[in-house]
file start-v2.cif (mmCIF, N, CA and C atoms)
data_model
loop_
_atom_site.label_atom_id
_atom_site.label_comp_id
_atom_site.auth_asym_id
_atom_site.auth_seq_id
_atom_site.Cartn_x
_atom_site.Cartn_y
_atom_site.Cartn_z
N MET A 1 0.83 -1.18 0.00
CA MET A 1 0.00 0.00 0.00
C MET A 1 0.87 1.25 0.00
N ILE A 2 0.44 2.25 -0.70
CA ILE A 2 1.17 3.51 -0.76
C ILE A 2 0.41 4.57 0.03
N GLU A 3 1.12 5.26 0.89
CA GLU A 3 0.52 6.33 1.68
C GLU A 3 1.15 7.66 1.29
N ILE A 4 0.32 8.67 1.19
CA ILE A 4 0.79 10.03 0.91
C ILE A 4 0.65 10.82 2.20
N ARG A 5 1.71 11.52 2.58
CA ARG A 5 1.64 12.32 3.80
C ARG A 5 2.49 13.57 3.68
N ARG A 6 2.15 14.56 4.50
CA ARG A 6 2.93 15.81 4.56
C ARG A 6 4.28 15.49 5.15
N SER A 7 5.26 16.31 4.81
CA SER A 7 6.62 16.10 5.29
C SER A 7 7.31 17.44 5.43
N ILE A 8 8.52 17.37 5.91
CA ILE A 8 9.41 18.52 5.94
C ILE A 8 10.71 18.08 5.27
N ALA A 9 11.45 19.04 4.80
CA ALA A 9 12.74 18.71 4.17
C ALA A 9 13.65 18.09 5.23
N ASN A 10 14.31 17.01 4.85
CA ASN A 10 15.25 16.34 5.74
C ASN A 10 16.36 15.73 4.88
N SER A 11 17.29 15.06 5.51
CA SER A 11 18.45 14.55 4.77
C SER A 11 18.06 13.50 3.72
N LYS A 12 17.07 12.64 4.01
CA LYS A 12 16.64 11.64 3.02
C LYS A 12 16.02 12.32 1.80
N LEU A 13 15.21 13.32 2.05
CA LEU A 13 14.60 14.03 0.92
C LEU A 13 15.63 14.84 0.15
N GLN A 14 16.61 15.37 0.84
CA GLN A 14 17.67 16.11 0.16
C GLN A 14 18.45 15.18 -0.77
N GLU A 15 18.72 13.94 -0.33
CA GLU A 15 19.39 12.96 -1.19
C GLU A 15 18.54 12.66 -2.42
N MET A 16 17.23 12.52 -2.22
CA MET A 16 16.33 12.24 -3.32
C MET A 16 16.26 13.45 -4.26
N TYR A 17 16.30 14.64 -3.71
CA TYR A 17 16.29 15.86 -4.51
C TYR A 17 17.55 15.93 -5.40
N LYS A 18 18.70 15.55 -4.84
CA LYS A 18 19.94 15.53 -5.64
C LYS A 18 19.84 14.50 -6.76
N ALA A 19 19.22 13.34 -6.47
CA ALA A 19 19.02 12.33 -7.51
C ALA A 19 18.11 12.87 -8.62
N PHE A 20 17.08 13.60 -8.22
CA PHE A 20 16.16 14.25 -9.16
C PHE A 20 16.92 15.21 -10.07
N LEU A 21 17.76 16.07 -9.48
CA LEU A 21 18.54 17.02 -10.27
C LEU A 21 19.53 16.31 -11.18
N ASN A 22 20.19 15.27 -10.66
CA ASN A 22 21.15 14.51 -11.47
C ASN A 22 20.47 13.85 -12.66
N GLU A 23 19.30 13.29 -12.43
CA GLU A 23 18.57 12.62 -13.51
C GLU A 23 18.25 13.59 -14.64
N LEU A 24 17.94 14.83 -14.27
CA LEU A 24 17.62 15.84 -15.27
C LEU A 24 18.86 16.59 -15.77
N LYS A 25 20.02 16.20 -15.26
CA LYS A 25 21.29 16.84 -15.62
C LYS A 25 21.26 18.34 -15.29
N LEU A 26 20.73 18.65 -14.11
CA LEU A 26 20.65 20.03 -13.62
C LEU A 26 21.57 20.19 -12.42
N GLU A 27 22.01 21.39 -12.22
CA GLU A 27 22.85 21.68 -11.06
C GLU A 27 22.19 22.77 -10.25
N SER A 28 22.31 22.66 -8.94
CA SER A 28 21.78 23.68 -8.05
C SER A 28 22.64 23.72 -6.81
N THR A 29 22.90 24.91 -6.35
CA THR A 29 23.62 25.06 -5.09
C THR A 29 22.65 25.14 -3.93
N LYS A 30 21.35 25.14 -4.24
CA LYS A 30 20.33 25.25 -3.22
C LYS A 30 19.90 23.88 -2.71
N THR A 31 19.33 23.88 -1.54
CA THR A 31 18.78 22.66 -0.97
C THR A 31 17.30 22.56 -1.34
N LEU A 32 16.71 21.41 -1.11
CA LEU A 32 15.28 21.25 -1.34
C LEU A 32 14.50 22.26 -0.50
N SER A 33 14.93 22.45 0.73
CA SER A 33 14.26 23.41 1.61
C SER A 33 14.26 24.82 1.01
N GLU A 34 15.40 25.22 0.45
CA GLU A 34 15.50 26.55 -0.18
C GLU A 34 14.68 26.62 -1.46
N ASP A 35 14.73 25.55 -2.26
CA ASP A 35 14.03 25.54 -3.55
C ASP A 35 12.52 25.35 -3.41
N SER A 36 12.06 24.97 -2.25
CA SER A 36 10.62 24.77 -2.05
C SER A 36 10.07 25.67 -0.94
N LYS A 37 10.74 26.79 -0.74
CA LYS A 37 10.31 27.74 0.30
C LYS A 37 8.86 28.17 0.02
N ASP A 38 8.06 28.21 1.06
CA ASP A 38 6.64 28.59 1.00
C ASP A 38 5.76 27.55 0.31
N GLU A 39 6.30 26.38 0.01
CA GLU A 39 5.53 25.31 -0.63
C GLU A 39 5.27 24.20 0.38
N GLU A 40 4.23 23.44 0.12
CA GLU A 40 3.92 22.29 0.96
C GLU A 40 4.62 21.07 0.38
N LEU A 41 5.26 20.32 1.24
CA LEU A 41 6.02 19.15 0.83
C LEU A 41 5.24 17.89 1.21
N TRP A 42 5.11 16.99 0.24
CA TRP A 42 4.40 15.73 0.42
C TRP A 42 5.32 14.59 0.00
N ILE A 43 5.18 13.45 0.66
CA ILE A 43 5.94 12.25 0.29
C ILE A 43 4.99 11.08 0.08
N ALA A 44 5.43 10.13 -0.73
CA ALA A 44 4.74 8.85 -0.89
C ALA A 44 5.64 7.81 -0.25
N ILE A 45 5.05 6.99 0.60
CA ILE A 45 5.82 5.94 1.27
C ILE A 45 5.13 4.59 1.09
N ASP A 46 5.94 3.54 1.20
CA ASP A 46 5.39 2.19 1.09
C ASP A 46 5.17 1.60 2.48
N ASP A 47 4.83 0.32 2.53
CA ASP A 47 4.55 -0.36 3.80
C ASP A 47 5.75 -0.41 4.74
N LEU A 48 6.96 -0.27 4.18
CA LEU A 48 8.18 -0.32 4.99
C LEU A 48 8.69 1.08 5.33
N ASP A 49 7.87 2.09 5.11
CA ASP A 49 8.22 3.50 5.34
C ASP A 49 9.36 3.97 4.45
N GLU A 50 9.53 3.32 3.30
CA GLU A 50 10.51 3.78 2.32
C GLU A 50 9.89 4.90 1.50
N ILE A 51 10.64 5.96 1.30
CA ILE A 51 10.13 7.07 0.51
C ILE A 51 10.23 6.72 -0.97
N LEU A 52 9.09 6.77 -1.65
CA LEU A 52 9.02 6.44 -3.07
C LEU A 52 9.13 7.68 -3.95
N GLY A 53 8.81 8.84 -3.37
CA GLY A 53 8.86 10.07 -4.13
C GLY A 53 8.40 11.24 -3.29
N PHE A 54 8.51 12.43 -3.87
CA PHE A 54 8.08 13.64 -3.17
C PHE A 54 7.55 14.66 -4.15
N VAL A 55 6.75 15.58 -3.64
CA VAL A 55 6.31 16.73 -4.41
C VAL A 55 6.39 17.95 -3.50
N SER A 56 6.62 19.10 -4.13
CA SER A 56 6.43 20.38 -3.44
C SER A 56 5.35 21.12 -4.21
N TYR A 57 4.39 21.66 -3.48
CA TYR A 57 3.19 22.22 -4.08
C TYR A 57 2.92 23.60 -3.49
N TYR A 58 2.59 24.54 -4.35
CA TYR A 58 2.29 25.91 -3.94
C TYR A 58 0.79 26.15 -4.11
N PRO A 59 0.00 25.96 -3.02
CA PRO A 59 -1.46 26.03 -3.13
C PRO A 59 -2.03 27.34 -3.67
N PRO A 60 -1.49 28.53 -3.34
CA PRO A 60 -2.12 29.74 -3.85
C PRO A 60 -2.22 29.79 -5.38
N ASP A 61 -1.30 29.15 -6.08
CA ASP A 61 -1.33 29.13 -7.55
C ASP A 61 -1.68 27.76 -8.11
N ASN A 62 -2.04 26.80 -7.23
CA ASN A 62 -2.28 25.42 -7.67
C ASN A 62 -1.13 24.94 -8.54
N PHE A 63 0.09 25.18 -8.06
CA PHE A 63 1.29 24.91 -8.85
C PHE A 63 2.12 23.79 -8.24
N LEU A 64 2.34 22.77 -9.04
CA LEU A 64 3.20 21.65 -8.67
C LEU A 64 4.61 22.02 -9.08
N HIS A 65 5.48 22.27 -8.11
CA HIS A 65 6.82 22.75 -8.41
C HIS A 65 7.78 21.60 -8.66
N HIS A 66 8.07 20.83 -7.64
CA HIS A 66 8.97 19.68 -7.80
C HIS A 66 8.14 18.41 -7.69
N PHE A 67 8.42 17.45 -8.56
CA PHE A 67 7.71 16.17 -8.53
C PHE A 67 8.71 15.10 -8.94
N TYR A 68 8.99 14.20 -8.01
CA TYR A 68 9.97 13.16 -8.29
C TYR A 68 9.49 11.84 -7.71
N VAL A 69 9.52 10.81 -8.52
CA VAL A 69 9.25 9.44 -8.11
C VAL A 69 10.49 8.63 -8.44
N ARG A 70 10.94 7.84 -7.48
CA ARG A 70 12.12 7.01 -7.72
C ARG A 70 11.91 6.14 -8.96
N PRO A 71 12.95 5.97 -9.76
CA PRO A 71 12.81 5.17 -10.99
C PRO A 71 12.24 3.77 -10.74
N ASP A 72 12.61 3.13 -9.64
CA ASP A 72 12.12 1.77 -9.37
C ASP A 72 10.66 1.75 -8.90
N SER A 73 10.03 2.91 -8.75
CA SER A 73 8.63 2.98 -8.32
C SER A 73 7.71 3.52 -9.40
N ARG A 74 8.24 3.87 -10.55
CA ARG A 74 7.45 4.55 -11.57
C ARG A 74 6.43 3.66 -12.26
N LEU A 75 6.65 2.38 -12.32
CA LEU A 75 5.69 1.49 -12.97
C LEU A 75 4.59 1.05 -12.02
N ASN A 76 4.62 1.52 -10.78
CA ASN A 76 3.62 1.13 -9.77
C ASN A 76 2.53 2.17 -9.59
N LYS A 77 2.38 3.09 -10.56
CA LYS A 77 1.36 4.14 -10.52
C LYS A 77 1.51 5.08 -9.33
N VAL A 78 2.72 5.20 -8.79
CA VAL A 78 2.96 6.12 -7.67
C VAL A 78 2.67 7.55 -8.10
N GLY A 79 3.13 7.94 -9.28
CA GLY A 79 2.91 9.30 -9.75
C GLY A 79 1.44 9.63 -9.90
N THR A 80 0.68 8.72 -10.49
CA THR A 80 -0.75 8.92 -10.67
C THR A 80 -1.45 9.04 -9.31
N ARG A 81 -1.09 8.16 -8.39
CA ARG A 81 -1.70 8.21 -7.04
C ARG A 81 -1.37 9.53 -6.35
N PHE A 82 -0.14 9.97 -6.51
CA PHE A 82 0.28 11.25 -5.93
C PHE A 82 -0.61 12.39 -6.44
N LEU A 83 -0.75 12.49 -7.75
CA LEU A 83 -1.51 13.59 -8.33
C LEU A 83 -2.99 13.50 -7.99
N LYS A 84 -3.56 12.30 -7.98
CA LYS A 84 -4.95 12.14 -7.57
C LYS A 84 -5.14 12.58 -6.12
N TYR A 85 -4.18 12.26 -5.27
CA TYR A 85 -4.26 12.67 -3.87
C TYR A 85 -4.23 14.20 -3.76
N LEU A 86 -3.32 14.83 -4.49
CA LEU A 86 -3.24 16.29 -4.46
C LEU A 86 -4.52 16.93 -4.98
N GLN A 87 -5.12 16.34 -6.00
CA GLN A 87 -6.40 16.87 -6.48
C GLN A 87 -7.48 16.75 -5.40
N GLY A 88 -7.42 15.69 -4.61
CA GLY A 88 -8.36 15.54 -3.51
C GLY A 88 -8.16 16.60 -2.43
N GLU A 89 -6.92 16.99 -2.23
CA GLU A 89 -6.60 18.02 -1.23
C GLU A 89 -6.90 19.43 -1.71
N TYR A 90 -6.58 19.72 -2.97
CA TYR A 90 -6.60 21.10 -3.46
C TYR A 90 -7.59 21.36 -4.59
N GLY A 91 -8.22 20.33 -5.11
CA GLY A 91 -9.12 20.49 -6.24
C GLY A 91 -8.46 20.03 -7.53
N PRO A 92 -9.26 19.88 -8.61
CA PRO A 92 -8.73 19.28 -9.83
C PRO A 92 -7.78 20.17 -10.63
N SER A 93 -7.85 21.50 -10.45
CA SER A 93 -6.99 22.39 -11.24
C SER A 93 -5.56 22.36 -10.72
N MET A 94 -4.63 22.19 -11.63
CA MET A 94 -3.21 22.12 -11.27
C MET A 94 -2.38 22.54 -12.47
N LYS A 95 -1.26 23.23 -12.20
CA LYS A 95 -0.33 23.64 -13.25
C LYS A 95 1.07 23.17 -12.87
N LEU A 96 1.91 23.04 -13.87
CA LEU A 96 3.31 22.70 -13.64
C LEU A 96 4.12 23.08 -14.86
N LYS A 97 5.42 23.22 -14.67
CA LYS A 97 6.34 23.41 -15.79
C LYS A 97 7.14 22.12 -15.92
N CYS A 98 7.34 21.69 -17.15
CA CYS A 98 8.12 20.48 -17.40
C CYS A 98 9.13 20.78 -18.49
N LEU A 99 10.38 20.46 -18.23
CA LEU A 99 11.41 20.66 -19.25
C LEU A 99 11.11 19.83 -20.49
N VAL A 100 11.27 20.41 -21.63
CA VAL A 100 11.04 19.73 -22.89
C VAL A 100 11.94 18.50 -23.00
N SER A 101 13.13 18.58 -22.42
CA SER A 101 14.08 17.47 -22.47
C SER A 101 13.68 16.29 -21.58
N ASN A 102 12.68 16.48 -20.70
CA ASN A 102 12.25 15.42 -19.79
C ASN A 102 11.11 14.63 -20.46
N HIS A 103 11.50 13.84 -21.46
CA HIS A 103 10.54 13.13 -22.31
C HIS A 103 9.62 12.19 -21.53
N GLY A 104 10.16 11.46 -20.57
CA GLY A 104 9.35 10.52 -19.79
C GLY A 104 8.27 11.23 -19.00
N ALA A 105 8.63 12.34 -18.34
CA ALA A 105 7.65 13.10 -17.56
C ALA A 105 6.59 13.70 -18.48
N LEU A 106 7.00 14.26 -19.61
CA LEU A 106 6.02 14.84 -20.53
C LEU A 106 5.02 13.78 -21.02
N ALA A 107 5.50 12.61 -21.34
CA ALA A 107 4.60 11.54 -21.79
C ALA A 107 3.63 11.16 -20.67
N PHE A 108 4.13 11.07 -19.45
CA PHE A 108 3.29 10.76 -18.29
C PHE A 108 2.19 11.80 -18.12
N TYR A 109 2.57 13.08 -18.11
CA TYR A 109 1.59 14.15 -17.91
C TYR A 109 0.53 14.15 -19.00
N LYS A 110 0.94 13.98 -20.24
CA LYS A 110 -0.01 13.96 -21.35
C LYS A 110 -0.96 12.76 -21.23
N ARG A 111 -0.42 11.62 -20.84
CA ARG A 111 -1.21 10.39 -20.73
C ARG A 111 -2.32 10.53 -19.69
N ILE A 112 -2.07 11.27 -18.62
CA ILE A 112 -3.09 11.37 -17.57
C ILE A 112 -4.00 12.60 -17.72
N GLY A 113 -3.78 13.40 -18.78
CA GLY A 113 -4.73 14.46 -19.07
C GLY A 113 -4.24 15.89 -19.03
N PHE A 114 -2.97 16.13 -18.72
CA PHE A 114 -2.44 17.50 -18.75
C PHE A 114 -2.38 17.99 -20.20
N GLU A 115 -2.61 19.28 -20.38
CA GLU A 115 -2.53 19.88 -21.70
C GLU A 115 -1.55 21.04 -21.67
N THR A 116 -0.87 21.26 -22.79
CA THR A 116 0.07 22.36 -22.91
C THR A 116 -0.71 23.66 -23.04
N CYS A 117 -0.34 24.66 -22.21
CA CYS A 117 -1.01 25.96 -22.32
C CYS A 117 -0.03 27.09 -22.57
N ASP A 118 1.26 26.82 -22.50
CA ASP A 118 2.26 27.84 -22.80
C ASP A 118 3.62 27.17 -22.89
N ALA A 119 4.60 27.92 -23.32
CA ALA A 119 5.98 27.44 -23.41
C ALA A 119 6.90 28.58 -23.04
N GLY A 120 8.10 28.24 -22.63
CA GLY A 120 9.04 29.28 -22.27
C GLY A 120 10.46 28.76 -22.17
N GLN A 121 11.31 29.63 -21.73
CA GLN A 121 12.74 29.33 -21.58
C GLN A 121 13.16 29.72 -20.17
N SER A 122 13.91 28.85 -19.52
CA SER A 122 14.46 29.15 -18.20
C SER A 122 15.96 28.88 -18.23
N ASN A 123 16.62 29.12 -17.13
CA ASN A 123 18.05 28.81 -17.03
C ASN A 123 18.33 27.33 -17.22
N ASP A 124 17.31 26.49 -16.96
CA ASP A 124 17.48 25.04 -17.10
C ASP A 124 17.14 24.53 -18.49
N GLY A 125 16.58 25.38 -19.35
CA GLY A 125 16.24 24.96 -20.70
C GLY A 125 14.81 25.30 -21.06
N SER A 126 14.39 24.84 -22.22
CA SER A 126 13.03 25.07 -22.69
C SER A 126 12.06 24.24 -21.86
N TYR A 127 10.89 24.82 -21.58
CA TYR A 127 9.89 24.11 -20.80
C TYR A 127 8.50 24.35 -21.40
N LEU A 128 7.58 23.48 -21.01
CA LEU A 128 6.18 23.64 -21.33
C LEU A 128 5.43 23.89 -20.04
N LEU A 129 4.47 24.79 -20.07
CA LEU A 129 3.56 24.98 -18.96
C LEU A 129 2.37 24.08 -19.24
N LEU A 130 2.09 23.17 -18.34
CA LEU A 130 1.01 22.20 -18.51
C LEU A 130 -0.05 22.46 -17.45
N ALA A 131 -1.29 22.15 -17.78
CA ALA A 131 -2.39 22.35 -16.83
C ALA A 131 -3.41 21.24 -16.99
N ILE A 132 -4.12 21.00 -15.90
CA ILE A 132 -5.23 20.05 -15.89
C ILE A 132 -6.31 20.66 -15.01
N ASP A 133 -7.57 20.44 -15.37
CA ASP A 133 -8.65 20.93 -14.52
C ASP A 133 -9.79 19.94 -14.40
N ILE A 134 -9.45 18.66 -14.68
CA ILE A 134 -10.40 17.58 -14.50
C ILE A 134 -9.78 16.53 -13.60
N PRO A 135 -10.59 15.76 -12.87
CA PRO A 135 -10.01 14.70 -12.04
C PRO A 135 -9.25 13.68 -12.89
N ILE A 136 -8.13 13.26 -12.38
CA ILE A 136 -7.31 12.25 -13.04
C ILE A 136 -7.95 10.89 -12.82
N SER A 137 -8.08 10.12 -13.88
CA SER A 137 -8.63 8.78 -13.76
C SER A 137 -7.50 7.76 -13.84
N GLY A 138 -7.84 6.53 -13.52
CA GLY A 138 -6.85 5.46 -13.66
C GLY A 138 -6.13 5.09 -12.45
#

call {"tool": "encode", "arguments": {"input": "start-v2.cif", "output": "structure tokens"}}
result
Amino acid sequence: MIEIRRSIANSKLQEMYKAFLNELKLESTKTLSEDSKDEELWIAIDDLDEILGFVSYYPPDNFLHHFYVRPDSRLNKVGTRFLKYLQGEYGPSMKLKCLVSNHGALAFYKRIGFETCDAGQSNDGSYLLLAIDIPISG
């Protein structure tokens, strides 16, 4: 069983955040705590209290800032469960930016119903602004 719960930044999440940045070939001198200031942090855990992933969410803008699921947990619908849980907490409307180079994440978001509403450029590269305003199924 997968449980979603609120969390605070800690050393385990910082390690996972570094893995997230490494996977995307990004560099940051900031910590997860600094990069998610004023955001709510959520984790997904399994029956053994192992962290499967995390999200940082900014409720005033319904904005999903950081979203990471461990590679070995991605085929277990952890990401979908995470987003469905957040929709239950905050409502169905949600936005996020996804780097164009993050092909796996873009395919995931499109598959569950996110639509492209804008595009832009950041220090990390080209990104798409994606949004959803219907409950995620599946």

call {"tool": "residues_around", "arguments": {"input": "start-v2.cif", "residues": "A:Ser7", "least_positions_apart": "2", "cutoff": "10 Å", "atoms": "only C-alpha atoms", "output": "list in words"}}
result
Ile4, Arg5, Ala9, Asn10, Leu13, Glu40, Leu41, Trp42, Ile43, Ala44, Phe54, Val55 and Ser56 of chain A

call {"tool": "atom_distance", "arguments": {"input": "start-v2.cif", "atom1": "atom CA of A:Ala131", "atom2": "atom CA of A:Asp46"}}
result
28.1 Å

call {"tool": "residues_around", "arguments": {"input": "start-v2.cif", "residues": "A:Asp124", "least_positions_apart": "2", "cutoff": "9 Å", "atoms": "only C-alpha atoms", "output": "number ranges by chain"}}
result
A: 26-27, 99, 121-122, 126-127

call {"tool": "atom_distance", "arguments": {"input": "start-v2.cif", "atom1": "atom CA of A:Ile136", "atom2": "atom N of A:Asn102"}}
result
21.8 Å

call {"tool": "select_by_dssp", "arguments": {"input": "start-v2.cif", "residues": "chain A", "states": "strand (DSSP E)", "output": "PyMOL selection string"}}
result
chain A and resi 3-7+40-45+51-58+63-69+94-99+115-122+125-132

call {"tool": "select_by_dssp", "arguments": {"input": "start-v2.cif", "residues": "chain A", "states": "helix (DSSP H, G or I)", "output": "ChimeraX atom specification"}}
result
/A:11-23,32-35,59-61,71-76,78-90,103-112

call {"tool": "atom_distance", "arguments": {"input": "start-v2.cif", "atom1": "atom CA of A:Pro60", "atom2": "atom C of A:Gly120"}}
result
22.2 Å

call {"tool": "residues_around", "arguments": {"input": "start-v2.cif", "residues": "A:Cys98", "least_positions_apart": "3", "cutoff": "8 Å", "atoms": "all atoms listed in the file", "output": "ChimeraX atom specification"}}
result
/A:95,101-103,105-106,125-130

call {"tool": "write_last_selection", "arguments": {"input": "start-v2.cif", "atoms": "N, CA and C atoms", "output": "compact mmCIF listing (two decimals), keeping the file's coordinate frame"}}
result
# COMPACT_ATOMS: atom_id res chain seq x y z
N LYS A 95 -1.26 23.23 -12.20
CA LYS A 95 -0.33 23.64 -13.25
C LYS A 95 1.07 23.17 -12.87
N SER A 101 13.13 18.58 -22.42
CA SER A 101 14.08 17.47 -22.47
C SER A 101 13.68 16.29 -21.58
N ASN A 102 12.68 16.48 -20.70
CA ASN A 102 12.25 15.42 -19.79
C ASN A 102 11.11 14.63 -20.46
N HIS A 103 11.50 13.84 -21.46
CA HIS A 103 10.54 13.13 -22.31
C HIS A 103 9.62 12.19 -21.53
N ALA A 105 8.63 12.34 -18.34
CA ALA A 105 7.65 13.10 -17.56
C ALA A 105 6.59 13.70 -18.48
N LEU A 106 7.00 14.26 -19.61
CA LEU A 106 6.02 14.84 -20.53
C LEU A 106 5.02 13.78 -21.02
N GLY A 125 16.58 25.38 -19.35
CA GLY A 125 16.24 24.96 -20.70
C GLY A 125 14.81 25.30 -21.06
N SER A 126 14.39 24.84 -22.22
CA SER A 126 13.03 25.07 -22.69
C SER A 126 12.06 24.24 -21.86
N TYR A 127 10.89 24.82 -21.58
CA TYR A 127 9.89 24.11 -20.80
C TYR A 127 8.50 24.35 -21.40
N LEU A 128 7.58 23.48 -21.01
CA LEU A 128 6.18 23.64 -21.33
C LEU A 128 5.43 23.89 -20.04
N LEU A 129 4.47 24.79 -20.07
CA LEU A 129 3.56 24.98 -18.96
C LEU A 129 2.37 24.08 -19.24
N LEU A 130 2.09 23.17 -18.34
CA LEU A 130 1.01 22.20 -18.51
C LEU A 130 -0.05 22.46 -17.45

call {"tool": "closest_residue", "arguments": {"input": "start-v2.cif", "among": "A:Thr29, A:Tyr58, A:Arg74, A:Lys12", "to": "A:Phe108", "atoms": "only C-alpha atoms"}}
result
A:Arg74

call {"tool": "residues_near_point", "arguments": {"input": "start-v2.cif", "point": "(-7.7, 13.7, -8.7)", "cutoff": "10 Å", "atoms": "only C-alpha atoms", "output": "PyMOL selection string"}}
result
chain A and resi 80-94+132-138

call {"tool": "axis_aligned_box", "arguments": {"input": "start-v2.cif", "around": "stretch 33-39 of chain A", "padding_each_side": "6 Å", "output": "AutoDock Vina command-line options"}}
result
--center_x 10.4 --center_y 25.5 --center_z -1.0 --size_x 22.2 --size_y 18.1 --size_z 17.2

call {"tool": "closest_residue", "arguments": {"input": "start-v2.cif", "among": "A:Asp72, A:Asp61, A:Glu15, A:Asp47", "to": "A:Leu32", "atoms": "only C-alpha atoms"}}
result
A:Glu15

call {"tool": "resolve_selection", "arguments": {"input": "start-v2.cif", "expression": "the PyMOL selection byres (((chain A and resi 2 and name CA) around 6) and name CA)", "output": "list in words"}}
result
Met1, Glu3, Ile45 and Asp46 of chain A

call {"tool": "write_last_selection", "arguments": {"input": "start-v2.cif", "atoms": "N, CA and C atoms", "output": "PDB file, in the coordinates of the input"}}
result
ATOM      1  N   MET A   1       0.830  -1.180   0.000  1.00  0.00           N
ATOM      2  CA  MET A   1       0.000   0.000   0.000  1.00  0.00           C
ATOM      3  C   MET A   1       0.870   1.250   0.000  1.00  0.00           C
ATOM      4  N   GLU A   3       1.120   5.260   0.890  1.00  0.00           N
ATOM      5  CA  GLU A   3       0.520   6.330   1.680  1.00  0.00           C
ATOM      6  C   GLU A   3       1.150   7.660   1.290  1.00  0.00           C
ATOM      7  N   ILE A  45       5.050   6.990   0.600  1.00  0.00           N
ATOM      8  CA  ILE A  45       5.820   5.940   1.270  1.00  0.00           C
ATOM      9  C   ILE A  45       5.130   4.590   1.090  1.00  0.00           C
ATOM     10  N   ASP A  46       5.940   3.540   1.200  1.00  0.00           N
ATOM     11  CA  ASP A  46       5.390   2.190   1.090  1.00  0.00           C
ATOM     12  C   ASP A  46       5.170   1.600   2.480  1.00  0.00           C
TER      13      ASP A  46
END
